[in-house]
Amino acid sequence: MVRVKGPLINEAAVEKVELLVQDAISQGAKVVVGGKRHNLGLTFYEPTIISDVKNEVLIARREIFGLVTPVIPFKKEEEAIQIANDTDSGFYYFIYDPYIGV
């Protein structure tokens, strides 16, 4: 299966994504995949997953508008709900797993 990802809208959008990713890394997050500009150049940024993100970092508080998924760890469902509701923005997160319920 071929998956095509498009560029971000402009250079400022790429710089914003870079800032958000670097801020998370500087506070202990780890890049699992991606985390840099794509080799296609221009305004392409690699699809990125970062783990061990703290809920206080910028990427957890701002809309990203890029292919970046921050993973915020939690121990109990109640904690996950509190983390999801602890924002002034209307973020949308989801988990898709074709094996759930199988």
# chains A, B, ... in the order shown; residues from 1 in each chain; ligands from 1

$ residues_around --residues "Arg61 (chain A)" --least-positions-apart "3" --cutoff "7 Å" --atoms "only C-alpha atoms" --output "mmCIF file with N, CA, C and O atoms, in the first residue's frame"
data_model
loop_
_atom_site.group_PDB
_atom_site.id
_atom_site.type_symbol
_atom_site.label_atom_id
_atom_site.label_comp_id
_atom_site.auth_asym_id
_atom_site.auth_seq_id
_atom_site.Cartn_x
_atom_site.Cartn_y
_atom_site.Cartn_z
ATOM 1 N N VAL A 57 4.094 20.161 28.171
ATOM 2 C CA VAL A 57 4.894 20.700 27.073
ATOM 3 C C VAL A 57 4.004 21.336 26.006
ATOM 4 O O VAL A 57 2.807 21.066 25.925
ATOM 5 N N LEU A 58 4.612 22.169 25.191
ATOM 6 C CA LEU A 58 3.861 22.919 24.182
ATOM 7 C C LEU A 58 3.063 22.028 23.235
ATOM 8 O O LEU A 58 1.932 22.350 22.889
ATOM 9 N N THR A 87 -7.105 21.047 28.584
ATOM 10 C CA THR A 87 -6.654 21.925 27.505
ATOM 11 C C THR A 87 -7.717 22.979 27.223
ATOM 12 O O THR A 87 -8.896 22.760 27.498
#

$ residues_around --residues "Thr69 (chain A)" --least-positions-apart "5" --cutoff "8 Å" --atoms "only C-alpha atoms" --output "PyMOL selection string"
chain A and resi 48-50

$ atom_distance --atom1 "CA of Val21 (chain A)" --atom2 "CA of Lys75 (chain A)"
23.6 Å

$ select_by_dssp --residues "chain A" --states "helix (DSSP H, G or I)" --output "list in words"
Glu11, Ala12, Ala13, Val14, Glu15, Lys16, Val17, Glu18, Leu19, Leu20, Val21, Gln22, Asp23, Ala24, Ile25, Ser26, Leu58, Ile59, Ala60, Glu77, Glu78, Glu79, Ala80, Ile81, Gln82, Ile83, Ala84 and Asn85 of chain A

$ residues_around --residues "Glu18 (chain A)" --least-positions-apart "6" --cutoff "9 Å" --atoms "only C-alpha atoms" --output "PyMOL selection string"
chain A and resi 35-37+45

$ write_last_selection --atoms "N, CA, C and O atoms" --output "JSON list (two decimals), in the first residue's frame"
[["chain", "number", "residue", "atom", "x", "y", "z"],
["A", 35, "GLY", "N", 10.57, 13.08, 13.12],
["A", 35, "GLY", "CA", 11.18, 14.11, 13.94],
["A", 35, "GLY", "C", 12.04, 15.11, 13.21],
["A", 35, "GLY", "O", 12.77, 15.87, 13.83],
["A", 36, "LYS", "N", 11.93, 15.13, 11.88],
["A", 36, "LYS", "CA", 12.74, 16.09, 11.13],
["A", 36, "LYS", "C", 12.09, 16.37, 9.78],
["A", 36, "LYS", "O", 11.15, 15.71, 9.38],
["A", 37, "ARG", "N", 12.65, 17.35, 9.10],
["A", 37, "ARG", "CA", 12.15, 17.66, 7.75],
["A", 37, "ARG", "C", 12.35, 16.45, 6.84],
["A", 37, "ARG", "O", 13.31, 15.70, 6.98],
["A", 45, "TYR", "N", 7.48, 17.58, 6.14],
["A", 45, "TYR", "CA", 8.01, 17.18, 7.44],
["A", 45, "TYR", "C", 7.63, 15.71, 7.62],
["A", 45, "TYR", "O", 6.50, 15.31, 7.33]]

$ select_by_dssp --residues "chain A" --states "strand (DSSP E)" --output "list in words"
Lys30, Val31, Val32, Val33, Thr48, Ile49, Ile50, Ser51, Val68, Thr69 and Pro70 of chain A

$ closest_residue --among "A:Asn55, A:Asn39, A:Gln27, A:Asn10" --to "Asn85 (chain A)" --atoms "only C-alpha atoms"
A:Asn55

$ residues_around --residues "Ile83 (chain A)" --least-positions-apart "3" --cutoff "10 Å" --atoms "only C-alpha atoms" --output "number ranges by chain"
A: 54-56, 60, 72-74, 77-80, 86-87

$ closest_residue --among "A:Ile59, A:Val32, A:Ala84, A:Leu42" --to "Lys16 (chain A)" --atoms "only C-alpha atoms"
A:Ile59

$ residues_around --residues "Val17 (chain A)" --least-positions-apart "5" --cutoff "9 Å" --atoms "only C-alpha atoms" --output "number ranges by chain"
A: 12, 22, 45, 59, 64-68

$ closest_residue --among "A:Arg62, A:Lys76, A:Thr43, A:Gln82" --to "Glu11 (chain A)" --atoms "only C-alpha atoms"
A:Thr43

$ residues_around --residues "Val71 (chain A)" --least-positions-apart "5" --cutoff "7 Å" --atoms "only C-alpha atoms" --output "list in words"
Ile50, Ser51, Asp52 and Val53 of chain A

$ atom_distance --atom1 "CA of Gly28 (chain A)" --atom2 "CA of Leu8 (chain A)"
25.8 Å

$ atom_distance --atom1 "CA of Lys5 (chain A)" --atom2 "CA of Asp88 (chain A)"
28.5 Å
